[in-house]
file run-v6.cif (mmCIF, C-alpha atoms)
data_structure
#
loop_
_atom_site.label_atom_id
_atom_site.label_comp_id
_atom_site.auth_asym_id
_atom_site.auth_seq_id
_atom_site.Cartn_x
_atom_site.Cartn_y
_atom_site.Cartn_z
CA MET A 49 -19.21 -35.06 43.81
CA THR A 50 -19.77 -37.03 47.04
CA ASN A 51 -17.61 -38.18 49.95
CA VAL A 52 -17.70 -41.69 48.42
CA VAL A 53 -16.83 -41.08 44.76
CA SER A 54 -15.59 -37.92 43.03
CA VAL A 55 -15.93 -37.51 39.27
CA VAL A 56 -14.48 -34.69 37.17
CA CYS A 57 -15.19 -34.50 33.44
CA ASP A 58 -13.97 -32.09 30.75
CA PRO A 59 -15.68 -32.77 27.40
CA ALA A 60 -13.55 -30.15 25.64
CA ASP A 61 -10.33 -32.18 26.08
CA PRO A 62 -11.89 -34.78 26.58
CA ALA A 63 -10.73 -35.71 30.10
CA LEU A 64 -12.13 -37.81 32.94
CA PHE A 65 -10.99 -38.27 36.54
CA ILE A 66 -12.56 -40.66 39.06
CA GLU A 67 -11.51 -40.90 42.72
CA SER A 68 -12.83 -43.08 45.52
CA GLY A 69 -12.94 -41.34 48.88
CA VAL A 70 -13.49 -44.48 50.96
CA LYS A 71 -12.21 -47.72 49.40
CA GLY A 72 -10.11 -48.28 46.33
CA LEU A 73 -9.52 -51.20 44.02
CA LYS A 74 -7.30 -53.79 45.76
CA LEU A 75 -4.71 -55.56 43.62
CA GLY A 76 -2.58 -57.50 46.10
CA PRO A 77 -0.54 -54.99 48.14
CA VAL A 78 -1.61 -52.20 45.77
CA GLU A 79 -4.79 -50.19 46.25
CA VAL A 80 -5.87 -47.83 43.45
CA ASN A 81 -8.31 -45.12 44.52
CA GLY A 82 -8.01 -42.68 41.64
CA ILE A 83 -7.59 -42.74 37.87
CA GLY A 84 -7.58 -39.94 35.33
CA MET A 85 -7.26 -39.69 31.56
CA SER A 86 -6.68 -36.71 29.27
CA ARG A 87 -6.41 -36.93 25.50
CA HIS A 88 -4.22 -33.83 25.19
CA GLY A 89 -2.04 -34.48 28.25
CA LEU A 90 -3.47 -31.74 30.44
CA ILE A 91 -3.34 -33.57 33.79
CA PRO A 92 -0.78 -31.58 35.85
CA PHE A 93 1.95 -33.35 37.80
CA THR A 94 3.08 -31.52 40.93
CA PRO A 95 6.17 -32.95 42.68
CA ILE A 96 5.77 -33.17 46.45
CA ASN A 97 9.56 -32.91 46.79
CA THR A 98 10.84 -30.99 43.77
CA PRO A 99 14.40 -31.86 42.65
CA THR A 100 16.54 -28.71 42.68
CA GLN A 101 17.92 -29.35 39.18
CA TYR A 102 14.50 -29.78 37.53
CA SER A 103 12.82 -26.70 36.07
CA GLY A 104 10.30 -28.19 33.62
CA ASN A 105 6.75 -29.42 33.99
CA ILE A 106 4.80 -32.53 33.04
CA GLY A 107 1.24 -32.67 31.81
CA GLY A 108 -0.08 -36.22 31.72
CA ASN A 109 -2.39 -38.34 29.59
CA LEU A 110 -2.87 -40.88 32.35
CA THR A 111 -2.62 -40.63 36.13
CA LEU A 112 -3.09 -43.22 38.88
CA GLN A 113 -3.45 -42.52 42.59
CA GLY A 114 -3.23 -45.09 45.33
CA SER A 115 -1.06 -46.80 47.92
CA PHE A 116 1.31 -49.74 48.29
CA ASP A 117 1.33 -51.78 51.51
CA THR A 118 4.93 -52.07 52.76
CA THR A 119 4.19 -53.77 56.09
CA SER A 120 6.04 -56.92 54.98
CA ILE A 121 9.18 -54.78 54.53
CA THR A 122 9.01 -52.54 57.61
CA LEU A 123 7.48 -55.27 59.88
CA VAL A 124 5.11 -52.66 61.34
CA PRO A 125 1.98 -51.27 59.67
CA SER A 126 3.16 -48.99 56.87
CA LYS A 127 2.37 -47.96 53.31
CA VAL A 128 3.51 -45.68 50.50
CA VAL A 129 0.83 -43.26 49.34
CA GLY A 130 1.32 -41.50 46.04
CA ASP A 131 0.52 -41.00 42.40
CA VAL A 132 1.97 -41.74 38.96
CA THR A 133 1.43 -39.48 35.95
CA PHE A 134 2.32 -40.54 32.40
CA ASN A 135 2.73 -38.28 29.40
CA LEU A 136 2.54 -40.56 26.38
CA ASP A 137 3.21 -37.82 23.80
CA PRO A 138 5.56 -35.20 25.37
CA ASN A 139 6.77 -34.02 21.94
CA ARG A 140 3.22 -33.14 20.88
CA THR A 141 3.24 -35.29 17.74
CA GLY A 142 -0.43 -36.17 18.06
CA GLN A 143 0.42 -39.90 18.33
CA LEU A 144 1.05 -42.11 21.36
CA PHE A 145 4.79 -42.53 21.94
CA GLY A 146 5.36 -40.28 18.94
CA GLY A 147 4.17 -43.04 16.63
CA GLN A 148 6.97 -45.34 17.83
CA GLY A 149 4.64 -48.24 18.64
CA ALA A 150 5.66 -51.79 17.79
CA THR A 151 4.35 -53.32 14.55
CA ALA A 152 4.21 -56.92 13.38
CA ALA A 153 6.80 -56.21 10.72
CA GLY A 154 9.06 -54.52 13.27
CA LEU A 155 8.84 -57.46 15.67
CA ALA A 156 9.56 -59.89 12.83
CA GLY A 157 12.64 -57.85 11.95
CA ILE A 158 13.86 -57.96 15.54
CA PHE A 159 13.55 -61.75 15.70
CA ALA A 160 15.31 -62.03 12.35
CA GLN A 161 18.25 -59.99 13.66
CA VAL A 162 18.45 -61.97 16.90
CA GLY A 163 18.22 -65.32 15.10
CA THR A 164 19.05 -68.31 17.26
CA GLY A 165 21.73 -66.60 19.36
CA GLY A 166 19.50 -66.08 22.39
CA GLY A 167 20.10 -63.36 24.96
CA ALA A 168 23.66 -62.57 23.86
CA ALA A 169 22.52 -61.96 20.29
CA PHE A 170 19.68 -59.81 21.60
CA LEU A 171 22.12 -57.59 23.48
CA ASP A 172 24.41 -57.38 20.46
CA THR A 173 21.45 -56.33 18.35
CA LEU A 174 20.40 -53.78 20.96
CA ASN A 175 23.88 -52.24 21.19
CA ALA A 176 24.56 -52.16 17.46
CA GLY A 177 24.92 -48.63 16.16
CA ALA A 178 22.53 -49.16 13.25
CA SER A 179 20.24 -51.54 15.16
CA THR A 180 16.57 -51.13 14.31
CA LEU A 181 15.71 -52.39 17.78
CA GLY A 182 18.21 -50.10 19.52
CA ASN A 183 17.06 -47.05 17.58
CA GLY A 184 13.43 -47.96 18.19
CA ILE A 185 13.90 -48.29 21.94
CA GLY A 186 15.87 -45.05 22.02
CA GLN A 187 13.09 -43.22 20.20
CA LEU A 188 10.48 -44.83 22.45
CA PHE A 189 12.20 -43.55 25.61
CA ARG A 190 12.31 -40.05 24.13
CA ASN A 191 8.58 -40.11 23.48
CA PHE A 192 7.18 -40.57 26.94
CA SER A 193 7.64 -38.89 30.33
CA VAL A 194 6.60 -39.91 33.82
CA GLY A 195 6.33 -38.28 37.23
CA ILE A 196 6.00 -40.25 40.47
CA ASN A 197 5.22 -39.02 43.99
CA GLY A 198 5.42 -41.15 47.11
CA THR A 199 5.00 -40.57 50.85
CA LEU A 200 6.01 -43.27 53.33
CA LYS A 201 3.63 -43.54 56.25
CA ILE A 202 4.27 -45.74 59.26
CA ASN A 203 2.41 -46.66 62.46
CA LEU A 204 4.74 -47.73 65.28
CA LEU A 205 1.75 -48.37 67.55
CA GLY A 206 0.05 -50.70 65.08
CA GLU A 207 0.64 -53.91 67.05
CA LEU A 208 -0.65 -52.27 70.23
CA GLN A 209 -3.76 -51.16 68.34
CA LYS A 210 -4.36 -54.71 67.13
CA ASP A 211 -4.01 -56.12 70.64
CA LEU A 212 -6.43 -53.55 72.06
CA SER A 213 -8.90 -54.17 69.24
CA TRP A 214 -8.69 -57.92 69.88
CA GLU A 215 -9.43 -57.39 73.57
CA VAL A 216 -12.35 -55.09 72.82
CA GLY A 217 -13.71 -57.70 70.39
CA ASN A 218 -13.56 -60.36 73.09
CA GLN A 219 -15.45 -58.11 75.49
CA ILE A 220 -18.14 -57.54 72.85
CA LEU A 221 -18.52 -61.32 72.44
CA MET A 222 -19.07 -61.66 76.20
CA MET A 223 -22.00 -59.23 76.17
CA PRO A 224 -25.50 -60.71 76.69
CA THR A 225 -26.52 -59.55 73.22
CA LYS A 226 -26.59 -61.76 70.13
CA PRO A 227 -23.17 -62.05 68.36
CA ASP A 228 -24.86 -61.55 64.99
CA GLY A 229 -27.30 -58.94 66.27
CA PHE A 230 -27.57 -55.26 65.48
CA ILE A 231 -25.88 -54.01 68.66
CA ASP A 232 -22.88 -56.32 68.30
CA GLY A 233 -22.60 -55.38 64.63
CA VAL A 234 -22.50 -51.68 65.43
CA LEU A 235 -19.92 -52.16 68.21
CA ASN A 236 -17.69 -54.36 66.05
CA TYR A 237 -17.87 -51.86 63.18
CA ALA A 238 -16.89 -49.04 65.54
CA ASN A 239 -14.04 -51.14 66.97
CA GLU A 240 -12.64 -52.06 63.55
CA ASN A 241 -12.74 -48.47 62.28
CA THR A 242 -11.35 -46.73 65.36
CA ILE A 243 -9.18 -48.79 67.72
CA GLY A 244 -8.44 -51.46 65.11
CA ASN A 245 -7.85 -49.06 62.20
CA THR A 246 -4.07 -48.76 61.95
CA ASN A 247 -4.42 -46.11 59.25
CA LEU A 248 -5.64 -43.57 61.80
CA LEU A 249 -2.23 -43.32 63.50
CA MET A 250 -0.13 -43.42 60.33
CA LEU A 251 2.59 -40.74 60.42
CA SER A 252 4.49 -39.46 57.38
CA VAL A 253 8.23 -40.15 57.77
CA GLY A 254 9.51 -39.68 54.22
CA LYS A 255 8.58 -38.21 50.84
CA ALA A 256 10.07 -38.47 47.36
CA SER A 257 9.49 -37.41 43.77
CA LEU A 258 10.92 -39.04 40.64
CA ILE A 259 10.76 -37.48 37.19
CA TYR A 260 11.80 -38.91 33.84
CA ASP A 261 11.74 -36.38 30.99
CA GLY A 262 11.68 -38.22 27.67
CA PRO A 263 12.50 -35.44 25.18
CA THR A 264 15.75 -34.64 27.05
CA ALA A 265 16.38 -38.23 28.23
CA SER A 266 16.97 -36.93 31.75
CA PHE A 267 16.17 -38.33 35.18
CA TYR A 268 15.57 -36.44 38.43
CA PHE A 269 14.95 -37.68 41.95
CA ARG A 270 14.64 -36.13 45.38
CA GLY A 271 13.84 -37.93 48.61
CA SER A 272 13.74 -36.58 52.15
CA THR A 273 12.84 -37.69 55.61
CA VAL A 274 9.88 -35.97 57.24
CA ASN A 275 9.57 -35.11 60.91
CA PRO A 276 5.90 -35.69 61.73
CA PHE A 277 6.30 -33.65 64.93
CA LYS A 278 7.96 -30.63 63.31
CA GLY A 279 7.01 -27.43 65.08
CA THR A 280 6.20 -29.20 68.36
CA PRO A 281 8.27 -29.84 71.54
CA LEU A 282 8.58 -33.48 70.42
CA ALA A 283 10.46 -32.64 67.21
CA SER A 284 14.02 -33.25 68.47
CA PHE A 285 13.07 -36.26 70.61
CA ALA A 286 10.90 -38.23 68.19
CA SER A 287 12.93 -37.69 65.01
CA PRO A 288 16.40 -36.15 65.54
CA TYR A 289 17.64 -37.33 62.13
CA ALA A 290 17.07 -35.62 58.77
CA VAL A 291 18.29 -36.75 55.34
CA ASP A 292 17.83 -35.19 51.90
CA LEU A 293 19.01 -36.83 48.65
CA ASP A 294 18.89 -34.88 45.37
CA VAL A 295 19.94 -36.64 42.12
CA ALA A 296 19.96 -35.69 38.45
CA VAL A 297 21.19 -37.66 35.43
CA GLN A 298 21.24 -36.21 31.93
CA SER A 299 22.27 -37.60 28.56
CA GLY A 300 25.93 -37.28 27.63
CA GLY A 301 27.24 -38.63 30.94
CA LYS A 302 26.08 -35.66 33.02
CA PHE A 303 25.59 -36.55 36.69
CA PHE A 304 24.69 -34.64 39.86
CA MET A 305 24.13 -35.80 43.45
CA ASP A 306 23.71 -33.73 46.60
CA MET A 307 23.20 -35.52 49.91
CA LYS A 308 22.56 -33.60 53.12
CA GLY A 309 22.04 -34.91 56.62
CA SER A 310 21.62 -33.59 60.13
CA TYR A 311 21.25 -34.81 63.69
CA LYS A 312 19.87 -32.59 66.42
CA TYR A 313 19.34 -33.64 70.01
CA MET A 314 19.28 -31.36 73.03
CA GLY A 315 22.39 -29.13 72.70
CA LEU A 316 24.11 -31.23 70.03
CA ALA A 317 23.73 -30.37 66.34
CA VAL A 318 25.57 -32.20 63.56
CA THR A 319 25.17 -31.38 59.86
CA GLY A 320 26.88 -32.74 56.76
CA GLU A 321 26.78 -32.56 52.97
CA ILE A 322 28.32 -34.45 50.05
CA LEU A 323 27.93 -32.96 46.56
CA ILE A 324 29.19 -34.73 43.43
CA ALA A 325 28.97 -33.42 39.87
CA HIS A 326 30.38 -34.66 36.57
CA ASN A 327 30.13 -32.47 33.46
CA TYR A 328 26.88 -31.15 34.84
CA PRO A 329 25.26 -27.73 34.29
CA VAL A 330 24.57 -27.17 37.98
CA VAL A 331 21.97 -24.56 38.96
CA GLY A 332 20.84 -23.11 42.26
CA PRO A 333 22.91 -23.09 45.49
CA ALA A 334 25.00 -26.03 44.25
CA ALA A 335 26.45 -23.84 41.48
CA GLN A 336 27.65 -21.34 44.07
CA ILE A 337 29.46 -24.12 45.92
CA LEU A 338 31.19 -25.74 42.95
CA GLY A 339 31.75 -22.42 41.21
CA SER A 340 33.22 -20.70 44.28
CA SER A 341 36.51 -18.80 44.28
CA SER A 342 38.31 -21.99 45.31
CA ALA A 343 38.64 -23.04 41.69
CA SER A 344 40.01 -19.75 40.39
CA ALA A 345 42.20 -19.14 43.44
CA LEU A 346 43.87 -22.49 42.98
CA ASN A 347 44.09 -22.11 39.19
CA VAL A 348 42.12 -25.31 38.74
CA ALA A 349 40.86 -25.77 35.16
CA THR A 350 37.69 -27.65 36.05
CA LEU A 351 35.09 -25.61 34.19
CA SER A 352 34.01 -26.13 30.61
CA ARG A 353 35.32 -23.62 28.09
CA SER A 354 31.88 -23.26 26.56
CA THR A 355 29.99 -20.12 27.47
CA SER A 356 26.57 -21.72 27.91
CA PRO A 357 25.92 -23.68 29.92
CA VAL A 358 28.88 -23.93 32.29
CA LEU A 359 29.61 -27.56 33.14
CA TYR A 360 30.94 -28.41 36.59
CA SER A 361 32.91 -31.45 37.71
CA GLY A 362 33.98 -31.98 41.28
CA VAL A 363 33.24 -33.20 44.77
CA TYR A 364 32.30 -31.01 47.71
CA ILE A 365 32.14 -32.22 51.32
CA ALA A 366 31.09 -30.24 54.39
CA ALA A 367 30.46 -31.09 58.03
CA ASN A 368 29.69 -29.07 61.13
CA VAL A 369 29.32 -29.96 64.80
CA ARG A 370 27.88 -27.63 67.42
CA MET A 371 27.63 -28.43 71.11
CA LEU A 372 27.10 -25.76 73.69
CA SER A 373 29.95 -23.24 73.07
CA LEU A 374 31.94 -25.57 70.77
CA ASN A 375 31.74 -25.24 67.00
CA ILE A 376 33.71 -27.46 64.59
CA GLY A 377 33.51 -27.14 60.81
CA LEU A 378 35.04 -28.99 57.87
CA THR A 379 34.78 -28.36 54.14
CA GLY A 380 36.50 -30.03 51.23
CA GLN A 381 36.53 -29.86 47.43
CA MET A 382 38.03 -32.20 44.88
CA PHE A 383 38.18 -31.23 41.22
CA ALA A 384 38.15 -33.24 38.02
CA ASN A 385 41.93 -33.05 37.55
CA GLY A 386 42.64 -34.44 41.03
CA ASP A 387 43.30 -31.10 42.73
CA PHE A 388 41.70 -30.69 46.15
CA ILE A 389 41.32 -28.27 49.02
CA ILE A 390 40.26 -29.09 52.59
CA LYS A 391 39.47 -26.53 55.27
CA GLY A 392 38.74 -27.12 58.94
CA SER A 393 37.97 -24.82 61.84
CA ALA A 394 37.15 -25.08 65.53
CA GLU A 395 35.90 -22.44 67.95
CA ALA A 396 35.12 -22.49 71.66
CA ASP A 397 33.83 -19.71 73.89
CA LEU A 398 34.37 -20.51 77.57
CA GLY A 399 33.51 -17.13 78.94
CA SER A 400 36.80 -15.45 79.86
CA LEU A 401 38.70 -17.88 77.60
CA GLU A 402 38.24 -18.13 73.84
CA ARG A 403 39.99 -20.63 71.58
CA SER A 404 40.01 -21.09 67.82
CA ALA A 405 41.98 -23.07 65.25
CA THR A 406 41.99 -23.39 61.46
CA VAL A 407 43.58 -25.86 59.07
CA THR A 408 43.83 -25.64 55.28
CA MET A 409 45.32 -28.31 53.02
CA SER A 410 45.45 -28.16 49.25
CA LYS A 411 47.12 -29.93 46.37
CA THR A 412 47.10 -28.34 42.93
CA GLN A 413 49.07 -28.86 39.76
CA ALA A 414 50.12 -25.20 39.83
CA GLN A 415 51.20 -24.87 43.47
CA GLY A 416 51.78 -28.42 44.65
CA PHE A 417 50.93 -29.38 48.23
CA GLN A 418 50.20 -26.60 50.70
CA PHE A 419 49.36 -26.74 54.43
CA THR A 420 48.43 -23.83 56.68
CA GLY A 421 47.45 -24.08 60.32
CA THR A 422 46.61 -21.37 62.85
CA THR A 423 45.66 -21.29 66.52
CA SER A 424 44.44 -18.42 68.64
CA ASP A 425 43.87 -18.32 72.40
CA SER A 426 42.71 -15.25 74.24
CA PHE A 427 41.81 -14.63 77.86
CA ARG A 428 40.33 -11.66 79.66
CA SER A 429 39.33 -10.83 83.21
CA THR A 430 38.97 -7.71 85.28
CA TYR A 431 42.70 -7.39 85.97
CA ILE A 432 44.47 -9.49 83.32
CA ARG A 433 44.18 -10.06 79.60
CA GLY A 434 46.24 -11.47 76.76
CA HIS A 435 46.46 -13.72 73.73
CA ILE A 436 48.69 -16.34 72.10
CA ASP A 437 48.62 -16.83 68.33
CA THR A 438 50.53 -19.33 66.19
CA THR A 439 50.82 -19.94 62.44
CA LEU A 440 52.48 -22.77 60.53
CA LYS A 441 52.86 -23.07 56.75
CA PHE A 442 54.34 -26.02 54.88
CA GLY A 443 54.57 -26.69 51.16
CA ILE A 444 56.03 -29.07 48.59
CA SER A 445 56.24 -27.94 44.98
CA GLY A 446 58.58 -28.91 42.18
CA GLY A 447 60.65 -31.07 44.53
CA ARG A 448 61.27 -28.10 46.88
CA VAL A 449 60.09 -27.98 50.49
CA THR A 450 59.11 -24.64 52.01
CA TYR A 451 58.12 -23.89 55.58
CA ALA A 452 57.33 -20.89 57.76
CA GLY A 453 56.08 -20.61 61.30
CA SER A 454 55.50 -17.90 63.86
CA ALA A 455 54.17 -17.44 67.38
CA GLU A 456 53.16 -14.34 69.30
CA ALA A 457 52.29 -13.89 72.96
CA GLU A 458 50.99 -10.72 74.54
CA GLY A 459 49.85 -10.09 78.11
CA GLU A 460 48.70 -7.09 80.14
CA VAL A 461 47.90 -6.43 83.78
CA LYS A 462 45.65 -3.64 85.01
CA VAL A 463 47.50 -1.50 87.50
CA PRO A 464 45.68 1.10 89.57
CA VAL A 465 46.33 4.64 88.37
CA TYR A 466 48.46 3.46 85.38
CA GLY A 467 45.82 1.26 83.72
CA TRP A 468 46.83 -1.65 81.50
CA VAL A 469 50.54 -2.43 81.48
CA GLY A 470 52.26 -5.33 79.69
CA GLY A 471 54.44 -6.55 76.88
CA SER A 472 54.70 -8.89 73.90
CA LEU A 473 57.05 -11.52 72.55
CA SER A 474 57.07 -13.10 69.10
CA ALA A 475 59.32 -15.34 67.03
CA GLY A 476 59.34 -16.90 63.60
CA VAL A 477 61.30 -19.22 61.35
CA ASP A 478 61.33 -20.05 57.63
CA ASN A 479 63.63 -21.49 54.98
CA THR A 480 66.03 -18.55 55.10
CA SER A 481 66.01 -17.08 58.60
CA LEU A 482 65.04 -17.02 62.25
CA TRP A 483 63.73 -13.88 63.91
CA VAL A 484 62.76 -12.75 67.40
CA LYS A 485 60.79 -9.65 68.38
CA VAL A 486 60.57 -8.26 71.93
CA GLY A 487 58.83 -5.04 72.88
CA GLY A 488 58.81 -3.72 69.33
CA HIS A 489 62.47 -4.55 68.67
CA LYS A 490 63.15 -7.25 66.08
CA LYS A 491 66.33 -9.24 65.51
CA LYS A 492 66.77 -11.43 62.43
CA PHE A 493 69.32 -14.23 61.94
CA ALA A 494 69.90 -15.42 58.37
CA TRP A 495 70.84 -19.04 57.62
#

call {"tool": "encode", "arguments": {"input": "run-v6.cif", "output": "structure tokens"}}
result
Amino acid sequence: MTNVVSVVCDPADPALFIESGVKGLKLGPVEVNGIGMSRHGLIPFTPINTPTQYSGNIGGNLTLQGSFDTTSITLVPSKVVGDVTFNLDPNRTGQLFGGQGATAAGLAGIFAQVGTGGGAAFLDTLNAGASTLGNGIGQLFRNFSVGINGTLKINLLGELQKDLSWEVGNQILMMPTKPDGFIDGVLNYANENTIGNTNLLMLSVGKASLIYDGPTASFYFRGSTVNPFKGTPLASFASPYAVDLDVAVQSGGKFFMDMKGSYKYMGLAVTGEILIAHNYPVVGPAAQILGSSSASALNVATLSRSTSPVLYSGVYIAANVRMLSLNIGLTGQMFANGDFIIKGSAEADLGSLERSATVTMSKTQAQGFQFTGTTSDSFRSTYIRGHIDTTLKFGISGGRVTYAGSAEAEGEVKVPVYGWVGGSLSAGVDNTSLWVKVGGHKKKFAW
């Protein structure tokens, strides 16, 4: 092993891995600096951003390491650095692709089925239930797996580096030494590999892992932004945004997506999440969200009747805003049958004055449309204190409208010798009556 080339060999497998520590093989925008092969698929694949719904592992027969120049896309010096690992026999059949390789007879049969119909006939052949081609492709996709890692690196100072390097190069040319001499050669080499090397100031801004598992015909992906200044005073200034996308697709129409985002700058913090699932056996924190008491409390039949695994279908949305003493939150769930529930809250602490409010809206097949809103204001000082609370409920079910509302106010004044002295007043109304309560005495008026 050297700092130029690393070689690892395992004759027992057999396996071979070769990595270049300086320069790789350039193929256009792609640069390959590592390649490994293992007959028995023992090359481990480690996701750099593991999808939450993936619990398996991939051992590869072939792995490639390298980078892809994305400067033409980002318009500033950038590249994606990563690796690809292939397992060409995940079912352990002892044959590449499980022995599903193409043969001359198989190809002749495909062309015979397609005939002269062109692309349309090809698609018809592919989609046919008893299609040799369709079955072959299906078996092929179940007999290989792949794992991909990628990290996006970007250099926002790349153009400045190039300008400085150009100026330094001009100054070297103006020296009294020979342009093709030893001294100029050393100086130019140092310039190109320090000031002019845009790779030196590359910062990681995103990372992702993609996994395709052939035996289960499932796909997993997770991508996230990366704050290169995390843990430093520059974290909230240089990269206030954060995004995380987690996706899983399984055979049988099972789908899962969880997207989270946040923005933090000075005293402002905003977070949000959108979670979507369709007939999916959700695991981890997502299962707690979609399997919360909301479903049972609203009598929503959104869960599969099977005992294992439990399949979830629904949409969950959450958002939160914090700024100084203000906190605003919103959550929402929509279920497979169209039922939904939305909850919102707001809180503010202004020292002697505190305010809060909540809103809940729901629509279910069992209870119809329901709305509940509450507000609460309280104040306190050395000589005066009190609170005002209100509640409003409104519902529509079975063609019938129901409503109920109430308000309560209470205040006290601190009197020397006697202490706190005050009173309260409250009132309410609903479909059947109106009531008023003063000092503990209540009077009700029926409609």

call {"tool": "atom_distance", "arguments": {"input": "run-v6.cif", "atom1": "atom CA of A:Glu402", "atom2": "atom CA of A:Lys462"}}
result
19.7 Å

call {"tool": "closest_residue", "arguments": {"input": "run-v6.cif", "among": "A:Ser54, A:Asn191, A:Gln415, A:Ser426", "to": "A:Gly443", "atoms": "all atoms listed in the file"}}
result
A:Gln415

call {"tool": "closest_residue", "arguments": {"input": "run-v6.cif", "among": "A:Gly69, A:Leu258, A:Lys74, A:Gly380", "to": "A:Asp131", "atoms": "all atoms listed in the file"}}
result
A:Leu258

call {"tool": "residues_around", "arguments": {"input": "run-v6.cif", "residues": "A:Val80", "least_positions_apart": "6", "cutoff": "10 Å", "atoms": "only C-alpha atoms", "output": "list in words"}}
result
Glu67, Ser68, Lys71, Gly72, Leu73, Lys74, Leu112, Gln113, Gly114, Ser115, Phe116, Gly130 and Asp131 of chain A

call {"tool": "closest_residue", "arguments": {"input": "run-v6.cif", "among": "A:Leu123, A:Met371, A:Val274, A:Leu359", "to": "A:Val318", "atoms": "only C-alpha atoms"}}
result
A:Met371

call {"tool": "residues_near_point", "arguments": {"input": "run-v6.cif", "point": "(45.8, -5.8, 86.2)", "cutoff": "8 Å", "atoms": "all atoms listed in the file", "output": "JSON, numbers by chain"}}
result
{"A": [430, 431, 432, 460, 461, 462, 463, 464, 467, 468, 469]}

call {"tool": "write_last_selection", "arguments": {"input": "run-v6.cif", "atoms": "C-alpha atoms", "output": "PDB file, in the coordinates of the input"}}
result
ATOM      1  CA  THR A 430      38.970  -7.710  85.280  1.00  0.00           C
ATOM      2  CA  TYR A 431      42.700  -7.390  85.970  1.00  0.00           C
ATOM      3  CA  ILE A 432      44.470  -9.490  83.320  1.00  0.00           C
ATOM      4  CA  GLU A 460      48.700  -7.090  80.140  1.00  0.00           C
ATOM      5  CA  VAL A 461      47.900  -6.430  83.780  1.00  0.00           C
ATOM      6  CA  LYS A 462      45.650  -3.640  85.010  1.00  0.00           C
ATOM      7  CA  VAL A 463      47.500  -1.500  87.500  1.00  0.00           C
ATOM      8  CA  PRO A 464      45.680   1.100  89.570  1.00  0.00           C
ATOM      9  CA  GLY A 467      45.820   1.260  83.720  1.00  0.00           C
ATOM     10  CA  TRP A 468      46.830  -1.650  81.500  1.00  0.00           C
ATOM     11  CA  VAL A 469      50.540  -2.430  81.480  1.00  0.00           C
TER      12      VAL A 469
END

call {"tool": "resolve_selection", "arguments": {"input": "run-v6.cif", "expression": "the PyMOL selection byres ((chain A and resi 450) around 12)", "output": "ChimeraX atom specification"}}
result
/A:415-420,440-449,451-453,477-480

call {"tool": "closest_residue", "arguments": {"input": "run-v6.cif", "among": "A:Leu378, A:Met85, A:Ala335, A:Ala265", "to": "A:Tyr360", "atoms": "all atoms listed in the file"}}
result
A:Ala335

call {"tool": "closest_residue", "arguments": {"input": "run-v6.cif", "among": "A:Thr412, A:Thr133, A:Ser86, A:Thr379", "to": "A:Ala60", "atoms": "only C-alpha atoms"}}
result
A:Ser86

call {"tool": "resolve_selection", "arguments": {"input": "run-v6.cif", "expression": "the PyMOL selection byres ((chain A and resi 140) around 12)", "output": "PDB file with C-alpha atoms, in the coordinates of the input"}}
result
ATOM      1  CA  ARG A  87      -6.410 -36.930  25.500  1.00  0.00           C
ATOM      2  CA  HIS A  88      -4.220 -33.830  25.190  1.00  0.00           C
ATOM      3  CA  GLY A  89      -2.040 -34.480  28.250  1.00  0.00           C
ATOM      4  CA  LEU A  90      -3.470 -31.740  30.440  1.00  0.00           C
ATOM      5  CA  GLY A 107       1.240 -32.670  31.810  1.00  0.00           C
ATOM      6  CA  GLY A 108      -0.080 -36.220  31.720  1.00  0.00           C
ATOM      7  CA  ASN A 109      -2.390 -38.340  29.590  1.00  0.00           C
ATOM      8  CA  ASN A 135       2.730 -38.280  29.400  1.00  0.00           C
ATOM      9  CA  LEU A 136       2.540 -40.560  26.380  1.00  0.00           C
ATOM     10  CA  ASP A 137       3.210 -37.820  23.800  1.00  0.00           C
ATOM     11  CA  PRO A 138       5.560 -35.200  25.370  1.00  0.00           C
ATOM     12  CA  ASN A 139       6.770 -34.020  21.940  1.00  0.00           C
ATOM     13  CA  THR A 141       3.240 -35.290  17.740  1.00  0.00           C
ATOM     14  CA  GLY A 142      -0.430 -36.170  18.060  1.00  0.00           C
ATOM     15  CA  GLN A 143       0.420 -39.900  18.330  1.00  0.00           C
ATOM     16  CA  LEU A 144       1.050 -42.110  21.360  1.00  0.00           C
ATOM     17  CA  PHE A 145       4.790 -42.530  21.940  1.00  0.00           C
ATOM     18  CA  GLY A 146       5.360 -40.280  18.940  1.00  0.00           C
ATOM     19  CA  GLY A 147       4.170 -43.040  16.630  1.00  0.00           C
ATOM     20  CA  ARG A 190      12.310 -40.050  24.130  1.00  0.00           C
ATOM     21  CA  ASN A 191       8.580 -40.110  23.480  1.00  0.00           C
ATOM     22  CA  PHE A 192       7.180 -40.570  26.940  1.00  0.00           C
ATOM     23  CA  SER A 193       7.640 -38.890  30.330  1.00  0.00           C
ATOM     24  CA  GLY A 262      11.680 -38.220  27.670  1.00  0.00           C
ATOM     25  CA  PRO A 263      12.500 -35.440  25.180  1.00  0.00           C
TER      26      PRO A 263
END

call {"tool": "resolve_selection", "arguments": {"input": "run-v6.cif", "expression": "the PyMOL selection byres ((chain A and resi 94-103) around 6)", "output": "PyMOL selection string"}}
result
chain A and resi 93+104+256-257+269-270

call {"tool": "atom_distance", "arguments": {"input": "run-v6.cif", "atom1": "atom CA of A:Val132", "atom2": "atom CA of A:Ser252"}}
result
18.7 Å

call {"tool": "closest_residue", "arguments": {"input": "run-v6.cif", "among": "A:Pro59, A:Pro125, A:Gly195, A:Gly362", "to": "A:Ile389", "atoms": "only C-alpha atoms"}}
result
A:Gly362
